[in-house]
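Data first, discussion second: the structure below is written as structure tokens.
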Amino acid sequence: MSDLLPLDEAQARLFALAEPLPVEQAPLGEAAGRWLAADIPACVDHPFADLSAMDGYAIRFGDRPGPWTVVQDIAAGTMPACAIGPGEAARIFTGAPLPAGADTILVQEDAARDGDALRLTGDGPPAKGAHVRRKGANFTTGATVLGAGERLTPARIGLAAMAGHAVLPVRRRARVAILSTGDELALAGAPLGPGQIHESNAPMLAALLAAEPAHLQCHAPVRDDLDLIQRSLIQAAAGADILVTTGGASVGDHDLVRPALEAAGARIDFWRVAMKPGKPLMAGRLGDCVVLGLPGNPVSAFVTALLFLRPLIAALGGAADPLPRTVRLPLGAPVAANGPRLDFLRAAIVDGTVRPLAAQDSGALPALAHADVLLVRQPHAPAAEPGMFADVLIIA
Ligand SMILES: Nc1nc2c(c(=O)[nH]1)N[C@H]1C(S)=C(S)[C@@H](COP(=O)(O)OP(=O)(O)OC[C@H]3O[C@@H](n4cnc5c(N)ncnc54)[C@H](O)[C@@H]3O)O[C@H]1N2
Ligand code: MOO
């Protein structure tokens, strides 16, 4: 086991293989899913004034229980015409600024109006300031609303727009080439020759990256021929930031990705990680490109892509925290003691508890396809019982 790198060390070494990509200014519609390259300050106060949170009447709390005289109408998008004095109220709508003198909103469901005369019919506002959104409560001009390295989720895109931004500094999308290797591989949907199987890794990886800021280039599967793989690697690496291969990463006579990379002039930084599935993972550089050699077993390819490829895209994209997040959930079934490698068991969530699936072979894609989480088992972890909490990575 001594030549197998621990997962965290392997991830750190992978991230050290390349600098974050250059910064560009992206319109909001192009920025989702990317990471901010700088702190974002607010260009405005929000709310810009004390605003009503309800449709009703702006009053002075001390004037309750009324009655009041309605002296003006204020809609969102307009400003109050005048202040209100004692015994006066303003008809007001959600999002409209309060007039000077008013401090509280009386919701219209608690009031009856006859011409300009307004009286209380319900309980009225419970406290001074009820249903008022204070000026600057969300943010004030110049305050940092989003930080460098934060991922632009839909709500953060909305927040950037609210703060006055139409374009945001992000790093350009990573160009990712995907190349599967293996004599046995036929394209999805193609008729199968003797001994052939349908290639499933490239479509799966492309789907795994669908929401990532990446331009994908999927190449046809390459046969297990050293010269052919070497030429295909050089071609696929040209113009790519990341070259991902699958298959041929292990120790068999037909596992040629490592020798082909070396023959192409690549520098292999590490090979083999103390994890299961995914042990024969390799990483290095070929020219300007980071090369990630994933194992061919479909489950191993998925798990390593989740733990290395997506985080690498995030690291190149400037993410402050590129690694996937684990959460803790209770076990719903016993789990056996673990061996020497960090294990990622395919598991379902049933009634809020984690239950490992029966098929844990790294060729068992149907189990992965129906798993909700990967249950993380530390090296040499003792057996665990139902009710004990465990770390999981959510995958569905
Ligand atoms: N003697 C040893 N044999 C193996 C070891 C080892 O340490 N000693 N490691 C095993 C582990 S762990 C893994 S994982 C696999 C990984 O091997 P490779 O990366 O060389 O993958 P292949 O041999 O090319 O393929 C493995 C398996 O997956 C199928 N495959 C490959 N590519 C695809 C694809 N694009 N789509 C669908 N299926 C694919 C392939 O047909 C094989 O069945 O090595 C173990 N062996
Ligand atoms: O480590 Mo291999 O990736 O078990 O299947």
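Naming scheme: A, B, ... for chains in displayed order of the structure tokens; residues 1 onward per chain; ligands 1 onward as shown.
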
*Surroundings of ligand 2 up to 9 Å, based on only C-alpha atoms and all ligand atoms, as a PyMOL selection string*: chain A and resi 250+272-281+294-301+303-304+361-363

*Excluding Val373 of chain A and any residue of its chain fewer than 4 positions from it, enumerate the residues within 8 Å of it, using only C-alpha atoms, and give them as a PyMOL selection string.*
chain A and resi 346-349+392-396

*Best match for closeness to ligand 1 among A:Ile197, A:Ala337, A:Ala315, A:Leu233, counting only C-alpha atoms and all ligand atoms*: A:Ile197

*Counting only C-alpha atoms and all ligand atoms, which of A:Ile229, A:Ala16, A:Leu159, A:Leu187 gets nearest to ligand 1?*
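Between A:Ile229, A:Ala16, A:Leu159, A:Leu187, the residue approaching ligand 1 most closely is A:Leu187.
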
*asked:* Counting only C-alpha atoms and all ligand atoms, which residue out of A:Gly182, A:Gly387, A:Pro324, A:Gly193 sits closest to ligand 1?
replied: A:Gly182

*Pick the closest to ligand 1 from A:Pro334, A:Pro356, A:Gly293, A:Pro382: which is it, counting only C-alpha atoms and all ligand atoms?*
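When distances to ligand 1 are compared using only C-alpha atoms and all ligand atoms, the smallest one comes from A:Gly293.
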
*asked:* At a cut-off of 7 Å, using only C-alpha atoms, what residues contact Met388 of chain A? Leave out same-chain residues fewer than 4 positions from it and give the result as a list of chain:residue names.
replied: A:Pro330, A:Leu331, A:Ala384

_Here is a test: counting only C-alpha atoms and all ligand atoms, which residue of A:Gly352, A:Leu185, A:Pro379, A:Arg258 is nearest to ligand 1?_
A:Leu185
